[in-house]
Amino acid sequence: ILPGDATAPSGAGGLLLVGMTPSAAKDAAFNHWYDKEHVPALAAVPGVLSARRFVSRESGGTKYVALYHLTGPGVVDSDAWKNASASTPMPQDVRDTITDRVRLVCKRYAAA
């Protein structure tokens, strides 16, 4: 979905995957908020290398996934991340319809 055909950056030390499904009635409002408010705020946080969104064309399960490539997994615990996230709260009428939530914070794996 966003930013189109951009590829993942090389050298990321962390990854945040966030997935969720809004109700069909709130789909447009959800996407407007995510694309116009939430992703731009989080993408500007120091340590965020890229922010991309995807949509599943399959029925059932999580419909939308956002991937944030990070310099390290600790970025999501930073004050800058928390402030950016709080600056764009999901509208409550959209939040009330969200299902299929998933959130994974990953660090780079290096084989010993």
# chains A, B, ... in the order shown; residues from 1 in each chain; ligands from 1
call {"tool": "residues_around", "arguments": {"residues": "A:Gly60", "least_positions_apart": "6", "cutoff": "12 Å", "atoms": "only C-alpha atoms", "output": "ChimeraX atom specification"}}
result
/A:20-21,99-100
call {"tool": "write_last_selection", "arguments": {"atoms": "N, CA, C and O atoms", "output": "compact mmCIF listing (two decimals), in the first residue's frame"}}
result
# COMPACT_ATOMS: atom_id res chain seq x y z
N MET A 20 -3.49 -5.73 11.77
CA MET A 20 -4.84 -5.59 12.30
C MET A 20 -5.85 -5.53 11.17
O MET A 20 -5.49 -5.29 10.02
N THR A 21 -7.09 -5.73 11.54
CA THR A 21 -8.18 -5.71 10.59
C THR A 21 -9.29 -4.80 11.12
O THR A 21 -9.86 -5.08 12.17
N THR A 99 -9.88 -6.00 14.82
CA THR A 99 -9.71 -7.40 15.21
C THR A 99 -8.38 -7.90 14.63
O THR A 99 -7.69 -7.17 13.93
N ASP A 100 -8.06 -9.15 14.91
CA ASP A 100 -6.87 -9.81 14.35
C ASP A 100 -5.59 -9.03 14.60
O ASP A 100 -4.74 -8.90 13.73
call {"tool": "residues_around", "arguments": {"residues": "A:Asp5", "least_positions_apart": "3", "cutoff": "12 Å", "atoms": "only C-alpha atoms", "output": "PyMOL selection string"}}
result
chain A and resi 1-2+8+52-54
call {"tool": "closest_residue", "arguments": {"among": "A:Ala110, A:Ile98, A:Leu67, A:Val75", "to": "A:Thr7", "atoms": "only C-alpha atoms"}}
result
A:Leu67
call {"tool": "select_by_dssp", "arguments": {"residues": "chain A", "states": "helix (DSSP H, G or I)", "output": "PyMOL selection string"}}
result
chain A and resi 24-43+73-77+79-86+92-95
call {"tool": "residues_around", "arguments": {"residues": "A:Ala80", "least_positions_apart": "5", "cutoff": "12 Å", "atoms": "only C-alpha atoms", "output": "PyMOL selection string"}}
result
chain A and resi 41-48+74-75+85-87
call {"tool": "write_last_selection", "arguments": {"atoms": "C-alpha atoms", "output": "tab-separated table (two decimals), in the first residue's frame"}}
result
chain	number	residue	atom	x	y	z
A	41	ALA	CA	4.69	10.42	12.38
A	42	LEU	CA	6.43	7.11	13.07
A	43	ALA	CA	8.58	7.26	9.94
A	44	ALA	CA	10.08	10.53	11.21
A	45	VAL	CA	11.33	8.97	14.47
A	46	PRO	CA	15.12	8.69	14.71
A	47	GLY	CA	16.12	5.09	14.07
A	48	VAL	CA	13.25	4.30	11.68
A	74	GLY	CA	14.91	-0.54	21.03
A	75	VAL	CA	13.62	2.22	18.76
A	85	SER	CA	2.64	7.23	18.40
A	86	ALA	CA	0.67	9.23	20.96
A	87	SER	CA	0.52	12.23	18.61
